[in-house]
Amino acid sequence: MGTAVEKDNMFSDSDEVLIGLEIHVQLTKLKTKLFCGCATDYRGKEPNTYVCPICLGLPGTLPVVNKKAIDFAIMVGLALECEIPLKTFFYRKNYYYPDMPKNYQISQYNKAGGVPIGLGGHVTIEINKQKKTINLTRIQLEEDPGRLTYLGSITSSDYTLVDYNRAGITLLEIVTEPDLRSPREARLFLQKLRSIIEHLGVADGSLEGSMRCDANISIRGGNRVEVKNISSFKAVQKALQFELIRQRRQKADGVKTVMETRHWDDEKGITISLRTKEEEHDYRYFPEPDLVPIEITPDWIEKIRNQMPELPDARRERFIRDYQIPPYDAGVLTSSKALADFFENCIKLYNHPKIISNWIMSDLLRHLNDLNIEINESTVTPEQFVNMLKYIDTGTISRRSAKKVLWDMIREGKPPEQIIQEDGHQRIGDENVIRQFVDEIFKEYPQAVQDAIKDDKAINFLSGQVMRKTRGTADPKITYQLIKEKIDLLRKKAN
Ligand code: ZN
Ligand code: MN
């Protein structure tokens with residue numbers, strides 16, 4: 001089992017890195033909270049208006065489980081290939097903190113008789129063209145705490161604001177084994193997990209704070225550090241990279257890494273010590289006396305299994321088969337549901353999967369990455385994207401112009417026809433217009449003209465200059481033709 005790792009150690013002096021993740025996913029497609037009827041679309045709303053006596057934890061109130069939340073959790077469990085126990089329980093996790101009005105969180109537990117909604121399971125990622133299985137410890141249902149806002153930063157703020165609109169929102173906590181070996185693997189894992197969850201239709205990961213991640217990281221033999229408050233997948237990678245360097249440096253200096261909880265400061269790009277890690281027994285877990293155990297019948301599980309939509313791995317295989325695109329491209333396209341949907345919606349409008357895929361892979365994704373946004377955060381619609389491609393087909397714009405048009409579509413949020421009109425990207429096919437540019441270039445580069453008279457190869461330089469002058473809009477065939485005619489004429493004269 002350890003052979004790959006040992007080999008790695010023989011050829012490099014890298015220490016073995018152990019990373020485990022704890023992800024909290026809000027099941028945002030639920031209409032109501034986990035234990036009360038409060039609505040879940042609290043984002044952007046007045047603080048403390050999406051609350052009721054139950055989610056505020058007022059004395060005398062009793063929770064009632066949202067059945068749809070159990071359905072969703074079972075569905076995620078099946079997709080992640082967890083074992084779904086036929087009896088599951090809620091537990092109380094006790095702690096005193098202003099984000100938790102009851103002073104305990106209704107959660108689940110996998111010890112002392114506790115059984116969460118899903119045990120084990122795994123996610124397969126692809127790294128350096130190799131498949132790798134990341135094992136899960138468990139998945140469990142629990143309620144989200146309220147939202148705390150610190151003025152400035154958590155370490156310097158004089159006071160804290162609390163908003164209970166989020167209190168009681170359904171969370172699925174997903175815990176991995178320490179199977180991840182690098183910050184990059186952690187990011188690929190999270191991407192895959194999000195794609196699976198979005199394909200299931202139980203959550204929209206693009207909503208602010210709907211997928212939150214804590215990470216445990218250690219170098220084998222050293223103490224484990226938990227990093228909290230990581231808000232995006234890119235930040236996970238950055239936070240882990242920072243922490244890895246910090247721990248390696250300590251090891252090299254002979255300093256023992258302290259077991260503690262650290263806070264990721266995204267602006268400064270560093271982790272800060274928050275507190276030494278609490279022990280599990282500090283939470284005094286015990287069975288929730290206000291809720292009965294939930295019995296899940298095999299029929300219930302089968303019913304959900306039969307309703308399962310297509311998952312990313314199957315979709316990837318279908319893309320390779322039906323659209324004849326390379327496996328790598330199909331993997332990228334299905335790495336997010338929004339992107340896969342965009343791709344297929346384009347095909348419905350313009351049945352050239354390979355062309356669409358190439359443009360997404362090469363230009364679209366690069367631009368989105370530069371702007372640090374995802375496809376569903378950009379204003380580019382499949383219609384606009386496809387129209388841009390059709391303008392190439394009809395010769396209205398050149399491929400080169402199209403690249404600029406696409407960049408402006410993404411950056412300025414305008415449809416392609418508007419950009420083509422406003423910026424004069426329209427291809428120049430008029431011989432008389434191109435001839436004027438050719439004449440100018442002949443005057444500007446007399447030496448190149450002489451070279452071209454001796455050798456046709458130098459014509460390419462001249463036509464390149466015409467393209468530059470016309471910002472790539474001159475028809476290249478006509479341009480070459482006109483230059484060649486002019487050069488031939490000069491040759492005759494010289495003879
Ligand atoms: Zn409520
Ligand atoms: Mn939790």
# chains A, B, ... in the order shown; residues from 1 in each chain; ligands from 1
$ residues_near_ligand --ligand "ligand 2" --cutoff "9 Å" --atoms "only C-alpha atoms and all ligand atoms" --output "ChimeraX atom specification"
/A:22-24,105,107-108,140-144,171-174
$ select_by_dssp --residues "segment 212-283 of chain A" --states "strand (DSSP E)" --output "list of chain:residue names"
A:Arg212, A:Cys213, A:Asp214, A:Ala215, A:Asn216, A:Ile217, A:Ser218, A:Ile219, A:Val225, A:Glu226, A:Val227, A:Lys228, A:Asn229, A:Ile230, A:Glu260, A:Thr261, A:Arg262, A:His263, A:Trp264, A:Asp265, A:Ile270, A:Thr271, A:Ile272, A:Ser273, A:Leu274, A:Arg275, A:Thr276
$ residues_near_ligand --ligand "ligand 1" --cutoff "7 Å" --atoms "only C-alpha atoms and all ligand atoms" --output "VMD selection string"
chain A and resid 33 36 to 38 50 to 56 168
$ select_by_dssp --residues "segment 172-369 of chain A" --states "helix (DSSP H, G or I)" --output "number ranges by chain"
A: 183-200, 233-252, 280-283, 298-307, 312-323, 327-333, 337-349, 353-369
$ residues_around --residues "Leu188 of chain A" --least-positions-apart "4" --cutoff "9 Å" --atoms "only C-alpha atoms" --output "VMD selection string"
chain A and resid 125 to 127 183 to 184 192 to 193 233
$ write_last_selection --atoms "C-alpha atoms" --output "PDB file, in the first residue's frame"
ATOM      1  CA  ILE A 125     -10.469  12.061  -9.007  1.00  0.00           C
ATOM      2  CA  GLU A 126      -8.061  12.140 -11.895  1.00  0.00           C
ATOM      3  CA  ILE A 127      -4.587  13.478 -11.270  1.00  0.00           C
ATOM      4  CA  PRO A 183      -3.105  20.995  -2.068  1.00  0.00           C
ATOM      5  CA  ARG A 184      -3.855  20.402  -5.750  1.00  0.00           C
ATOM      6  CA  LYS A 192     -15.455  16.753  -8.345  1.00  0.00           C
ATOM      7  CA  LEU A 193     -17.583  16.704  -5.204  1.00  0.00           C
ATOM      8  CA  PHE A 233     -11.751  26.080  -3.710  1.00  0.00           C
TER       9      PHE A 233
END
$ residues_around --residues "segment 148-158 of chain A" --least-positions-apart "4" --cutoff "7 Å" --atoms "only C-alpha atoms" --output "short mmCIF file (atom, residue, chain, number, x, y, z; two decimals) with N, CA and C atoms, in the first residue's frame"
data_model
loop_
_atom_site.label_atom_id
_atom_site.label_comp_id
_atom_site.auth_asym_id
_atom_site.auth_seq_id
_atom_site.Cartn_x
_atom_site.Cartn_y
_atom_site.Cartn_z
N ASP A 99 -23.23 32.13 17.63
CA ASP A 99 -23.89 31.74 16.37
C ASP A 99 -24.92 30.62 16.60
N VAL A 162 -24.67 39.34 14.65
CA VAL A 162 -25.16 37.99 14.40
C VAL A 162 -26.48 38.03 13.65
N ASP A 163 -26.58 37.14 12.65
CA ASP A 163 -27.77 37.03 11.82
C ASP A 163 -28.23 35.57 11.86
#
$ residues_around --residues "segment 79-95 of chain A" --least-positions-apart "5" --cutoff "9 Å" --atoms "only C-alpha atoms" --output "PyMOL selection string"
chain A and resi 74+100+102-109+113-123+136+138-139+141-142+193+196-197+200+282-289+291-298+301+305+308+311
$ write_last_selection --atoms "N, CA and C atoms" --output "CSV table (one decimal), in the first residue's frame"
chain,number,residue,atom,x,y,z
A,74,ILE,N,-29.9,11.0,1.4
A,74,ILE,CA,-29.7,9.6,0.9
A,74,ILE,C,-29.2,9.6,-0.5
A,100,MET,N,-25.0,30.1,17.8
A,100,MET,CA,-25.8,28.9,18.1
A,100,MET,C,-26.8,29.3,19.2
A,102,LYS,N,-29.3,27.8,20.6
A,102,LYS,CA,-29.7,26.8,21.6
A,102,LYS,C,-28.5,26.4,22.5
A,103,ASN,N,-27.3,26.9,22.1
A,103,ASN,CA,-26.1,26.4,22.7
A,103,ASN,C,-25.8,24.9,22.5
A,104,TYR,N,-26.5,24.4,21.5
A,104,TYR,CA,-26.1,23.1,21.0
A,104,TYR,C,-26.6,23.0,19.5
A,105,GLN,N,-25.9,22.2,18.7
A,105,GLN,CA,-26.2,22.1,17.4
A,105,GLN,C,-26.9,20.7,17.2
A,106,ILE,N,-28.0,20.6,16.5
A,106,ILE,CA,-28.5,19.3,16.3
A,106,ILE,C,-27.8,18.7,15.1
A,107,SER,N,-27.0,17.6,15.3
A,107,SER,CA,-26.1,17.1,14.4
A,107,SER,C,-26.2,15.6,14.4
A,108,GLN,N,-25.2,14.9,13.8
A,108,GLN,CA,-25.2,13.4,13.9
A,108,GLN,C,-23.8,13.0,14.5
A,109,TYR,N,-23.7,11.8,14.8
A,109,TYR,CA,-22.5,11.3,15.4
A,109,TYR,C,-22.2,9.9,15.0
A,113,GLY,N,-22.9,4.8,19.9
A,113,GLY,CA,-24.2,4.5,19.4
A,113,GLY,C,-24.8,5.4,18.3
A,114,GLY,N,-24.1,6.4,18.0
A,114,GLY,CA,-24.6,7.3,17.0
A,114,GLY,C,-24.4,6.7,15.6
A,115,VAL,N,-25.4,6.9,14.7
A,115,VAL,CA,-25.2,6.4,13.3
A,115,VAL,C,-25.6,7.6,12.4
A,116,PRO,N,-24.7,8.0,11.6
A,116,PRO,CA,-25.0,9.1,10.6
A,116,PRO,C,-25.7,8.6,9.4
A,117,ILE,N,-26.1,9.5,8.5
A,117,ILE,CA,-27.0,9.1,7.4
A,117,ILE,C,-26.2,8.2,6.3
A,118,GLY,N,-24.8,8.5,6.3
A,118,GLY,CA,-24.0,7.7,5.3
A,118,GLY,C,-22.7,7.4,5.9
A,119,LEU,N,-22.2,6.1,5.7
A,119,LEU,CA,-20.9,5.6,6.3
A,119,LEU,C,-20.0,5.3,5.1
A,120,GLY,N,-18.7,5.6,5.2
A,120,GLY,CA,-17.8,5.3,4.2
A,120,GLY,C,-18.1,6.1,2.9
A,121,GLY,N,-17.8,5.4,1.8
A,121,GLY,CA,-18.1,6.1,0.5
A,121,GLY,C,-16.7,6.6,-0.1
A,122,HIS,N,-16.8,7.0,-1.3
A,122,HIS,CA,-15.5,7.5,-1.9
A,122,HIS,C,-15.8,8.4,-3.1
A,123,VAL,N,-14.8,9.2,-3.5
A,123,VAL,CA,-14.9,10.0,-4.7
A,123,VAL,C,-13.6,9.7,-5.5
A,136,LEU,N,-14.1,8.4,2.0
A,136,LEU,CA,-14.9,9.2,2.9
A,136,LEU,C,-15.0,8.5,4.2
A,138,ARG,N,-17.6,9.6,6.5
A,138,ARG,CA,-19.0,9.6,6.7
A,138,ARG,C,-19.6,10.8,6.1
A,139,ILE,N,-20.9,10.8,5.9
A,139,ILE,CA,-21.7,12.1,5.7
A,139,ILE,C,-22.8,12.2,6.7
A,141,LEU,N,-26.1,14.8,8.5
A,141,LEU,CA,-27.0,15.9,8.4
A,141,LEU,C,-26.8,16.8,9.7
A,142,GLU,N,-26.9,18.1,9.5
A,142,GLU,CA,-26.9,18.9,10.7
A,142,GLU,C,-27.4,20.3,10.4
A,193,LEU,N,-16.5,16.8,-6.2
A,193,LEU,CA,-17.6,16.7,-5.2
A,193,LEU,C,-18.7,17.7,-5.6
A,196,ILE,N,-20.6,16.6,-8.6
A,196,ILE,CA,-21.6,15.5,-8.3
A,196,ILE,C,-22.8,16.1,-7.6
A,197,ILE,N,-22.6,16.9,-6.6
A,197,ILE,CA,-23.7,17.5,-5.9
A,197,ILE,C,-24.6,18.3,-6.7
A,200,LEU,N,-26.8,16.2,-9.0
A,200,LEU,CA,-27.9,15.6,-8.2
A,200,LEU,C,-29.1,16.6,-8.1
A,282,ASP,N,-15.1,17.5,24.5
A,282,ASP,CA,-15.6,18.9,25.0
A,282,ASP,C,-17.0,19.2,24.5
A,283,TYR,N,-17.5,18.5,23.5
A,283,TYR,CA,-18.8,18.8,22.9
A,283,TYR,C,-19.9,18.0,23.6
A,284,ARG,N,-19.6,17.1,24.5
A,284,ARG,CA,-20.6,16.3,25.2
A,284,ARG,C,-21.7,15.8,24.3
A,285,TYR,N,-21.3,15.1,23.3
A,285,TYR,CA,-22.4,14.6,22.4
A,285,TYR,C,-23.4,13.7,23.2
A,286,PHE,N,-24.6,13.8,22.9
A,286,PHE,CA,-25.6,12.9,23.4
A,286,PHE,C,-26.8,12.8,22.5
A,287,PRO,N,-27.6,11.7,22.5
A,287,PRO,CA,-28.7,11.6,21.6
A,287,PRO,C,-29.7,12.7,21.8
A,288,GLU,N,-30.2,13.3,20.7
A,288,GLU,CA,-31.2,14.3,20.7
A,288,GLU,C,-32.5,13.8,21.2
A,289,PRO,N,-33.0,14.2,22.4
A,289,PRO,CA,-34.2,13.6,23.0
A,289,PRO,C,-35.5,14.1,22.3
A,291,LEU,N,-36.1,14.2,19.1
A,291,LEU,CA,-36.3,13.6,17.8
A,291,LEU,C,-36.2,12.1,17.8
A,292,VAL,N,-37.1,11.4,17.2
A,292,VAL,CA,-37.1,10.0,17.2
A,292,VAL,C,-36.1,9.5,16.2
A,293,PRO,N,-35.6,8.3,16.3
A,293,PRO,CA,-34.7,7.8,15.2
A,293,PRO,C,-35.4,7.7,13.9
A,294,ILE,N,-34.6,7.9,12.8
A,294,ILE,CA,-35.2,7.8,11.5
A,294,ILE,C,-35.0,6.4,10.9
A,295,GLU,N,-36.1,5.8,10.5
A,295,GLU,CA,-36.0,4.5,9.9
A,295,GLU,C,-36.0,4.6,8.4
A,296,ILE,N,-35.0,4.1,7.8
A,296,ILE,CA,-35.0,4.2,6.3
A,296,ILE,C,-35.1,2.8,5.8
A,297,THR,N,-36.2,2.6,5.0
A,297,THR,CA,-36.5,1.3,4.5
A,297,THR,C,-35.7,1.0,3.2
A,298,PRO,N,-35.4,-0.2,2.8
A,298,PRO,CA,-34.7,-0.5,1.6
A,298,PRO,C,-35.6,0.0,0.4
A,301,ILE,N,-34.8,3.6,-0.1
A,301,ILE,CA,-33.5,3.8,-0.8
A,301,ILE,C,-33.6,3.5,-2.3
A,305,ARG,N,-32.8,5.7,-5.5
A,305,ARG,CA,-31.8,5.3,-6.5
A,305,ARG,C,-32.4,5.3,-7.9
A,308,MET,N,-32.2,8.8,-9.5
A,308,MET,CA,-30.9,9.5,-9.6
A,308,MET,C,-30.6,10.0,-11.0
A,311,LEU,N,-24.7,11.3,-13.5
A,311,LEU,CA,-23.6,11.9,-12.7
A,311,LEU,C,-22.5,12.2,-13.6
$ closest_residue --among "A:Lys238, A:Lys256, A:Lys132, A:Arg248" --to "Gly269 of chain A" --atoms "only C-alpha atoms"
A:Lys238
$ atom_distance --atom1 "atom CA of Asp179 of chain A" --atom2 "atom CA of Thr133 of chain A"
8.3 Å
$ atom_distance --atom1 "atom CA of Gln421 of chain A" --atom2 "atom CA of Ile360 of chain A"
23.5 Å
$ residues_around --residues "segment 386-389 of chain A" --least-positions-apart "5" --cutoff "9 Å" --atoms "only C-alpha atoms" --output "NGL selection string"
:A and (346-347 or 349-350 or 355-356 or 359 or 381 or 397 or 399 or 402 or 405-406 or 415-417)
$ closest_residue --among "A:Arg166, A:Leu62, A:Pro178, A:Gly222" --to "Gly254 of chain A" --atoms "only C-alpha atoms"
A:Gly222
$ residues_around --residues "segment 467-478 of chain A" --least-positions-apart "3" --cutoff "8 Å" --atoms "only C-alpha atoms" --output "short mmCIF file (atom, residue, chain, number, x, y, z; two decimals) with N, CA, C and O atoms, in the first residue's frame"
data_model
loop_
_atom_site.label_atom_id
_atom_site.label_comp_id
_atom_site.auth_asym_id
_atom_site.auth_seq_id
_atom_site.Cartn_x
_atom_site.Cartn_y
_atom_site.Cartn_z
N ILE A 397 -16.68 37.44 -39.83
CA ILE A 397 -15.45 37.77 -39.10
C ILE A 397 -14.43 36.66 -39.31
O ILE A 397 -14.80 35.52 -39.62
N SER A 398 -13.17 37.01 -39.13
CA SER A 398 -12.12 35.99 -39.24
C SER A 398 -12.01 35.27 -37.91
O SER A 398 -12.51 35.76 -36.89
N ARG A 400 -9.39 35.07 -36.24
CA ARG A 400 -8.58 35.93 -35.39
C ARG A 400 -9.45 37.01 -34.73
O ARG A 400 -9.32 37.27 -33.54
N SER A 401 -10.34 37.61 -35.52
CA SER A 401 -11.25 38.62 -34.96
C SER A 401 -12.16 37.98 -33.92
O SER A 401 -12.46 38.59 -32.89
N HIS A 425 -15.04 44.86 -36.50
CA HIS A 425 -14.37 43.57 -36.68
C HIS A 425 -14.76 42.92 -37.99
O HIS A 425 -14.19 41.93 -38.39
N GLN A 426 -15.79 43.51 -38.64
CA GLN A 426 -16.32 42.91 -39.84
C GLN A 426 -15.19 42.66 -40.83
O GLN A 426 -14.37 43.54 -41.09
N ARG A 427 -15.15 41.51 -41.39
CA ARG A 427 -14.07 41.16 -42.30
C ARG A 427 -14.13 42.03 -43.54
O ARG A 427 -15.19 42.27 -44.11
N ILE A 428 -12.95 42.51 -43.96
CA ILE A 428 -12.91 43.31 -45.18
C ILE A 428 -12.71 42.38 -46.36
O ILE A 428 -11.68 41.72 -46.48
N GLY A 429 -13.73 42.30 -47.21
CA GLY A 429 -13.63 41.43 -48.38
C GLY A 429 -13.58 42.26 -49.66
O GLY A 429 -13.45 41.73 -50.76
N GLU A 431 -12.06 44.24 -52.45
CA GLU A 431 -10.71 44.32 -53.05
C GLU A 431 -10.15 45.73 -53.05
O GLU A 431 -8.98 45.95 -52.79
N ILE A 434 -8.91 46.69 -49.62
CA ILE A 434 -7.67 45.99 -49.27
C ILE A 434 -6.50 46.53 -50.10
O ILE A 434 -5.39 46.68 -49.60
N PHE A 437 -4.74 49.36 -48.56
CA PHE A 437 -3.82 48.96 -47.47
C PHE A 437 -2.54 48.37 -48.05
O PHE A 437 -1.44 48.65 -47.58
N SER A 463 1.91 40.49 -46.24
CA SER A 463 0.48 40.25 -45.94
C SER A 463 0.26 40.33 -44.43
O SER A 463 -0.78 40.80 -43.98
N GLY A 464 1.28 39.92 -43.67
CA GLY A 464 1.19 40.05 -42.20
C GLY A 464 1.02 41.51 -41.79
O GLY A 464 0.26 41.81 -40.87
N GLN A 481 -3.46 37.44 -52.63
CA GLN A 481 -3.63 37.52 -54.08
C GLN A 481 -3.20 38.89 -54.61
O GLN A 481 -2.45 39.00 -55.59
N LEU A 482 -3.65 39.94 -53.96
CA LEU A 482 -3.36 41.31 -54.41
C LEU A 482 -1.87 41.61 -54.33
O LEU A 482 -1.29 42.24 -55.21
#
$ atom_distance --atom1 "atom CA of Gly201 of chain A" --atom2 "atom CA of Phe343 of chain A"
18.1 Å
$ closest_residue --among "A:Asn216, A:Ser232, A:Asn306, A:Gln447" --to "Ile373 of chain A" --atoms "only C-alpha atoms"
A:Ser232
